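Just upload-v5.txt here, compact mmCIF, C-alpha atoms:
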```txt
# COMPACT_ATOMS: atom_id res chain seq x y z
CA ASP V 1 -18.37 -14.98 -14.88
CA PHE V 2 -15.13 -16.26 -16.27
CA THR V 3 -12.36 -18.11 -14.44
CA GLN V 4 -8.97 -19.09 -15.81
CA THR V 5 -6.06 -20.54 -13.89
CA ILE V 6 -2.55 -19.99 -15.19
CA HIS V 7 0.37 -21.82 -13.61
CA VAL V 8 3.83 -20.25 -13.45
CA ASP V 9 6.62 -22.79 -12.92
CA LYS V 10 9.30 -21.52 -10.52
CA PRO V 11 8.22 -17.88 -10.51
CA LEU V 12 10.80 -15.21 -9.92
CA LEU V 13 9.94 -13.63 -6.58
CA TRP V 14 9.52 -9.91 -6.06
CA SER V 15 12.01 -8.51 -3.54
CA LEU V 16 13.55 -5.20 -2.60
CA GLU V 17 16.73 -6.06 -4.48
CA ASN V 18 15.04 -7.83 -7.41
CA PRO V 19 11.54 -6.44 -7.97
CA ASN V 20 10.48 -9.06 -10.51
CA LEU V 21 7.14 -8.20 -12.10
CA TYR V 22 4.92 -10.18 -14.45
CA ALA V 23 2.83 -8.36 -17.03
CA TYR V 24 -0.50 -9.54 -18.35
CA ASP V 25 -2.57 -8.46 -21.32
CA LEU V 26 -5.95 -10.13 -21.28
CA LYS V 27 -8.73 -10.16 -23.87
CA ILE V 28 -12.00 -11.99 -23.33
CA PHE V 29 -14.25 -12.46 -26.35
CA HIS V 30 -17.94 -13.05 -25.91
CA GLY V 31 -19.71 -12.89 -29.24
CA GLU V 32 -19.17 -9.37 -30.55
CA GLU V 33 -18.10 -8.05 -27.14
CA VAL V 34 -14.45 -7.82 -26.09
CA GLU V 35 -13.24 -7.06 -22.57
CA GLU V 36 -9.62 -6.13 -22.04
CA ALA V 37 -7.41 -5.83 -18.99
CA GLN V 38 -3.72 -5.13 -18.62
CA GLY V 39 -1.51 -4.85 -15.60
CA VAL V 40 1.34 -6.25 -13.59
CA PHE V 41 1.59 -8.52 -10.59
CA ALA V 42 4.29 -10.31 -8.66
CA PHE V 43 4.92 -13.25 -6.41
CA ARG V 44 6.11 -12.47 -2.88
CA GLU V 45 5.38 -13.55 0.67
CA LEU V 46 5.46 -11.44 3.83
CA SER V 47 5.58 -13.58 6.97
CA VAL V 48 6.91 -13.68 10.50
CA ASP V 49 9.47 -16.07 11.92
CA ASN V 50 9.34 -15.87 15.71
CA LYS V 51 10.17 -12.19 16.22
CA ASN V 52 11.35 -11.43 12.67
CA LEU V 53 9.51 -10.04 9.69
CA CYS V 54 10.41 -12.00 6.57
CA LEU V 55 10.13 -11.29 2.87
CA ASN V 56 10.10 -14.52 0.85
CA GLY V 57 11.40 -16.39 3.91
CA ASN V 58 14.37 -14.04 4.42
CA LYS V 59 14.66 -11.88 7.55
CA LEU V 60 13.87 -8.27 6.80
CA PHE V 61 15.01 -5.23 8.77
CA ILE V 62 12.69 -2.30 8.10
CA ARG V 63 14.47 0.97 7.39
CA GLY V 64 11.72 3.45 6.72
CA PHE V 65 10.71 7.06 6.53
CA ILE V 66 7.40 8.88 6.63
CA ARG V 67 5.43 10.90 4.12
CA GLY V 68 2.09 12.42 4.90
CA ALA V 69 -1.11 13.88 3.62
CA ARG V 70 -0.33 17.49 4.30
CA ALA V 71 2.98 17.80 6.10
CA HIS V 72 5.24 16.04 3.61
CA GLU V 73 3.70 16.40 0.18
CA HIS V 74 4.17 19.47 -1.99
CA LEU V 75 1.81 20.46 -4.76
CA ASN V 76 4.46 21.11 -7.40
CA ASN V 77 6.23 17.71 -6.95
CA CYS V 78 9.56 19.44 -7.67
CA ASN V 79 8.14 20.41 -11.07
CA LEU V 80 8.14 16.77 -12.14
CA LEU V 81 5.34 14.60 -13.45
CA GLU V 82 3.85 12.62 -10.58
CA GLU V 83 5.39 9.28 -11.60
CA ASP V 84 8.81 10.93 -12.18
CA PHE V 85 8.58 12.60 -8.77
CA TYR V 86 7.98 9.27 -7.04
CA ARG V 87 10.70 7.58 -9.11
CA LYS V 88 13.20 10.23 -8.01
CA ASN V 89 12.03 10.06 -4.39
CA ILE V 90 12.26 6.26 -4.16
CA THR V 91 15.56 6.06 -6.07
CA GLU V 92 17.16 8.56 -3.69
CA ALA V 93 15.67 6.84 -0.63
CA LYS V 94 17.10 3.50 -1.73
CA LYS V 95 20.55 5.10 -2.08
CA PHE V 96 20.34 5.88 1.65
CA GLY V 97 19.32 2.32 2.47
CA PHE V 98 15.60 2.88 2.99
CA ASN V 99 13.27 0.02 2.07
CA TYR V 100 9.93 1.18 3.53
CA ILE V 101 7.75 4.28 3.25
CA ARG V 102 4.96 4.95 5.72
CA PHE V 103 2.22 7.20 4.38
CA HIS V 104 0.69 9.07 7.32
CA SER V 105 -3.05 9.71 7.17
CA THR V 106 -3.27 9.07 3.46
CA ILE V 107 -3.34 6.59 0.63
CA PRO V 108 -0.87 7.67 -2.05
CA PRO V 109 -1.82 7.74 -5.72
CA GLU V 110 -1.58 4.69 -7.97
CA SER V 111 1.54 6.14 -9.62
CA LEU V 112 3.46 5.74 -6.33
CA PHE V 113 2.58 2.05 -6.12
CA LYS V 114 3.56 1.52 -9.76
CA VAL V 115 7.00 3.00 -9.15
CA ALA V 116 7.45 1.22 -5.79
CA ASP V 117 6.58 -2.08 -7.49
CA GLU V 118 9.16 -1.42 -10.21
CA LEU V 119 11.96 -0.23 -7.93
CA GLY V 120 11.43 -2.50 -4.90
CA MET V 121 10.10 -0.42 -2.00
CA LEU V 122 7.59 -1.51 0.67
CA ILE V 123 4.63 0.80 1.34
CA HIS V 124 2.57 1.32 4.51
CA ILE V 125 -0.73 3.16 4.04
CA GLU V 126 -3.26 4.54 6.47
CA LEU V 127 -6.84 3.87 5.44
CA ARG V 128 -8.25 7.36 5.65
CA ALA V 129 -10.75 8.91 3.32
CA PRO V 130 -9.13 11.99 1.69
CA ASP V 131 -11.46 14.49 3.40
CA ASP V 132 -11.59 12.73 6.78
CA ASP V 133 -10.74 14.50 10.02
CA TYR V 134 -9.10 12.58 12.82
CA ASN V 135 -11.72 10.65 14.69
CA ASN V 136 -11.94 10.46 18.42
CA LEU V 137 -11.19 7.02 19.87
CA GLU V 138 -13.75 7.69 22.59
CA GLU V 139 -16.44 8.13 19.91
CA MET V 140 -15.34 4.93 18.24
CA LEU V 141 -15.49 2.91 21.47
CA PHE V 142 -18.61 4.36 23.02
CA ALA V 143 -20.67 5.61 20.07
CA GLU V 144 -19.54 2.72 17.85
CA LYS V 145 -18.50 5.13 15.11
CA GLN V 146 -16.21 3.50 12.56
CA LEU V 147 -12.97 5.21 11.59
CA VAL V 148 -13.66 4.36 7.95
CA SER V 149 -16.49 2.45 6.39
CA ASN V 150 -16.19 -1.19 5.44
CA ASP V 151 -17.05 -0.18 1.85
CA PHE V 152 -14.09 2.22 1.77
CA ILE V 153 -11.75 -0.45 3.16
CA GLN V 154 -12.97 -3.05 0.65
CA ALA V 155 -12.71 -0.63 -2.29
CA THR V 156 -9.13 0.24 -1.28
CA ILE V 157 -8.14 -3.42 -0.99
CA ASP V 158 -9.76 -4.23 -4.34
CA ARG V 159 -7.90 -1.36 -6.00
CA LEU V 160 -4.44 -2.03 -4.54
CA TYR V 161 -4.15 -5.75 -3.73
CA ASN V 162 -2.08 -6.61 -6.81
CA HIS V 163 0.78 -4.28 -5.80
CA PRO V 164 3.64 -6.29 -4.29
CA SER V 165 4.98 -3.09 -2.71
CA LEU V 166 1.91 -2.76 -0.47
CA ALA V 167 2.96 -4.22 2.87
CA VAL V 168 0.77 -2.64 5.59
CA TYR V 169 -2.80 -1.44 5.87
CA CYS V 170 -3.20 0.77 8.95
CA ILE V 171 -6.52 1.94 10.38
CA GLY V 172 -6.22 4.93 12.65
CA ASN V 173 -3.31 6.99 13.91
CA GLU V 174 -2.85 9.63 16.58
CA LEU V 175 -6.38 9.16 17.78
CA LYS V 176 -7.49 11.36 20.61
CA ALA V 177 -6.97 9.59 23.89
CA VAL V 178 -9.75 8.04 25.86
CA SER V 179 -9.89 8.96 29.52
CA LEU V 180 -8.83 6.18 31.87
CA GLU V 181 -12.09 6.56 33.78
CA ARG V 182 -14.08 5.70 30.62
CA ILE V 183 -11.86 2.67 29.87
CA GLU V 184 -12.19 1.39 33.43
CA ALA V 185 -15.96 1.72 33.10
CA ILE V 186 -15.91 -0.85 30.31
```

Encoded form using structure tokens:
Amino acid sequence: DFTQTIHVDKPLLWSLENPNLYAYDLKIFHGEEVEEAQGVFAFRELSVDNKNLCLNGNKLFIRGFIRGARAHEHLNNCNLLEEDFYRKNITEAKKFGFNYIRFHSTIPPESLFKVADELGMLIHIELRAPDDDYNNLEEMLFAEKQLVSNDFIQATIDRLYNHPSLAVYCIGNELKAVSLERIEAI
């Protein structure tokens, strides 16, 4: 194990208007072995102030749109490379005043987060395994069947936590309704 603390005096905060990113290039030498890691990160804070959502202490009004697993994505990505497709999509969305994209029933690829980090767009994901069918809320409540496994949730968090664009983790959507009689029985 190796731990190193690095202090940044007065960091520039990541925001929708100024998506300030910090790059790192890390090499750890241990005898003949060398481990390397590169990436980007940012400083930002999402919070609530009474009834308001705040980004870095400033009130934030969410203006979002939805993209989904099957209904909104197209295989050819407008004949663009994936990262270029997301760059075009987010750039155009920002021109219309959007600041938030909700991904319905899916976790978008890493290239989306990279572009959203660079351009300043907040992302809402739904923690669904790619091949998962909608689960029934009644099964979840009465058969104690999880929507997604804890391992899947943890792996997703571990993979995406450094992206300042990631704002919301959602578990479950449009679940089949539970009958009132079953709820009253609880």

Give me, please, the distance in Å between atom CA of Leu55 of chain V and atom CA of Leu160 of chain V, quoted to one decimal.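 Computing it gives 18.8 Å between the two atoms.
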
Do a neighbour search on Leu119 of chain V at 7 Å with only C-alpha atoms, toss out local chain neighbours closer than 3 positions, and write the hits as a PyMOL selection string. chain V and resi 19+115-116

What gap, in Å, lies between atom CA of His104 of chain V and atom CA of Ile125 of chain V?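 Separation between atom CA of His104 of chain V and atom CA of Ile125 of chain V: 6.9 Å.
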
Which polymer residues have any atom within 9 Å of an atom of segment 37-42 of chain V, counting all atoms listed in the file, with same-chain residues fewer than 5 positions away left out, as an MDAnalysis selection string? chainID V and resid 11:14 19:28 114 117 162:164

Tell me, as a VMD selection string, which residues lie within 12 Å of segment 81-95 of chain V, counting all atoms listed in the file; anything in the same chain fewer than 4 positions away does not count. chain V and resid 16 to 17 63 to 67 73 to 77 99 to 101 108 to 123 165

Using atom CA of Val168 of chain V and atom CA of Glu45 of chain V as the two end points, give the distance in Å to one decimal.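 Spanning atom CA of Val168 of chain V to atom CA of Glu45 of chain V is a straight-line distance of 12.8 Å.
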
Option closest in space to Asn56 of chain V, from V:His30, V:Arg44, V:Lys10, V:His124 [counting all atoms listed in the file]: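 Among the listed residues, V:Arg44 lies closest to Asn56 of chain V.
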
Test item: which residues lie within 12 Å of (3.7, -12.1, 8.3) counting only C-alpha atoms, as a VMD selection string: chain V and resid 44 to 60 167 to 168

Which residues are close to Ile153 of chain V, i.e. within 10 Å by all atoms listed in the file, leaving aside same-chain residues fewer than 5 positions away? Reply as a PyMOL selection string. chain V and resi 127-129+148+158-159+169+171

Using the partial input, fill out segment 112-123 of chain V with all heavy atoms; write the result as a short mmCIF file (atom, residue, chain, number, x, y, z; two decimals), in the frame of the given file.
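Contents of rebuild_35.cif, freshly written:
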```
data_model
loop_
_atom_site.label_atom_id
_atom_site.label_comp_id
_atom_site.auth_asym_id
_atom_site.auth_seq_id
_atom_site.Cartn_x
_atom_site.Cartn_y
_atom_site.Cartn_z
N LEU V 112 2.46 6.10 -7.34
CA LEU V 112 3.46 5.74 -6.33
C LEU V 112 3.62 4.23 -6.26
O LEU V 112 4.74 3.71 -6.24
CB LEU V 112 3.07 6.32 -4.96
CG LEU V 112 3.93 5.92 -3.77
CD1 LEU V 112 3.62 4.66 -3.09
CD2 LEU V 112 5.35 6.30 -3.89
N PHE V 113 2.51 3.51 -6.22
CA PHE V 113 2.58 2.05 -6.12
C PHE V 113 3.25 1.46 -7.35
O PHE V 113 4.05 0.52 -7.24
CB PHE V 113 1.19 1.45 -5.93
CG PHE V 113 0.61 1.73 -4.58
CD1 PHE V 113 -0.32 2.75 -4.42
CD2 PHE V 113 0.99 0.98 -3.48
CE1 PHE V 113 -0.85 3.01 -3.17
CE2 PHE V 113 0.46 1.25 -2.22
CZ PHE V 113 -0.46 2.27 -2.07
N LYS V 114 2.95 2.01 -8.52
CA LYS V 114 3.56 1.52 -9.76
C LYS V 114 5.07 1.63 -9.68
O LYS V 114 5.81 0.68 -9.98
CB LYS V 114 3.02 2.31 -10.95
CG LYS V 114 3.60 1.87 -12.27
CD LYS V 114 3.05 2.67 -13.43
CE LYS V 114 3.67 2.14 -14.71
NZ LYS V 114 3.96 3.15 -15.66
N VAL V 115 5.56 2.78 -9.24
CA VAL V 115 7.00 3.00 -9.15
C VAL V 115 7.61 2.14 -8.03
O VAL V 115 8.68 1.54 -8.20
CB VAL V 115 7.31 4.49 -8.94
CG1 VAL V 115 8.79 4.72 -8.67
CG2 VAL V 115 6.86 5.29 -10.16
N ALA V 116 6.94 2.05 -6.89
CA ALA V 116 7.45 1.22 -5.79
C ALA V 116 7.52 -0.25 -6.20
O ALA V 116 8.47 -0.95 -5.83
CB ALA V 116 6.56 1.39 -4.56
N ASP V 117 6.54 -0.71 -6.97
CA ASP V 117 6.58 -2.08 -7.49
C ASP V 117 7.81 -2.27 -8.37
O ASP V 117 8.51 -3.28 -8.27
CB ASP V 117 5.32 -2.39 -8.32
CG ASP V 117 4.04 -2.44 -7.52
OD1 ASP V 117 4.10 -2.50 -6.28
OD2 ASP V 117 2.97 -2.39 -8.16
N GLU V 118 8.06 -1.32 -9.25
CA GLU V 118 9.16 -1.42 -10.21
C GLU V 118 10.53 -1.32 -9.55
O GLU V 118 11.47 -1.99 -9.98
CB GLU V 118 9.05 -0.31 -11.27
CG GLU V 118 7.88 -0.46 -12.20
CD GLU V 118 7.68 0.76 -13.10
OE1 GLU V 118 8.53 1.68 -13.07
OE2 GLU V 118 6.67 0.79 -13.82
N LEU V 119 10.66 -0.48 -8.53
CA LEU V 119 11.96 -0.23 -7.93
C LEU V 119 12.25 -1.06 -6.67
O LEU V 119 13.39 -1.10 -6.22
CB LEU V 119 12.11 1.27 -7.60
CG LEU V 119 12.06 2.21 -8.79
CD1 LEU V 119 12.21 3.66 -8.33
CD2 LEU V 119 13.14 1.87 -9.80
N GLY V 120 11.22 -1.69 -6.09
CA GLY V 120 11.43 -2.50 -4.90
C GLY V 120 11.43 -1.69 -3.62
O GLY V 120 12.46 -1.52 -2.97
N MET V 121 10.26 -1.18 -3.24
CA MET V 121 10.10 -0.42 -2.00
C MET V 121 8.79 -0.87 -1.36
O MET V 121 7.78 -1.00 -2.04
CB MET V 121 10.04 1.08 -2.31
CG MET V 121 9.89 1.98 -1.10
SD MET V 121 11.30 2.00 0.03
CE MET V 121 12.47 3.01 -0.86
N LEU V 122 8.81 -1.11 -0.05
CA LEU V 122 7.59 -1.51 0.67
C LEU V 122 6.83 -0.26 1.09
O LEU V 122 7.43 0.74 1.49
CB LEU V 122 7.94 -2.36 1.89
CG LEU V 122 8.54 -3.72 1.57
CD1 LEU V 122 9.02 -4.41 2.84
CD2 LEU V 122 7.54 -4.59 0.82
N ILE V 123 5.49 -0.35 1.05
CA ILE V 123 4.63 0.80 1.34
C ILE V 123 3.65 0.45 2.46
O ILE V 123 3.06 -0.61 2.49
CB ILE V 123 3.83 1.21 0.07
CG1 ILE V 123 4.77 1.49 -1.11
CG2 ILE V 123 2.94 2.41 0.36
CD1 ILE V 123 5.76 2.61 -0.90
#
```
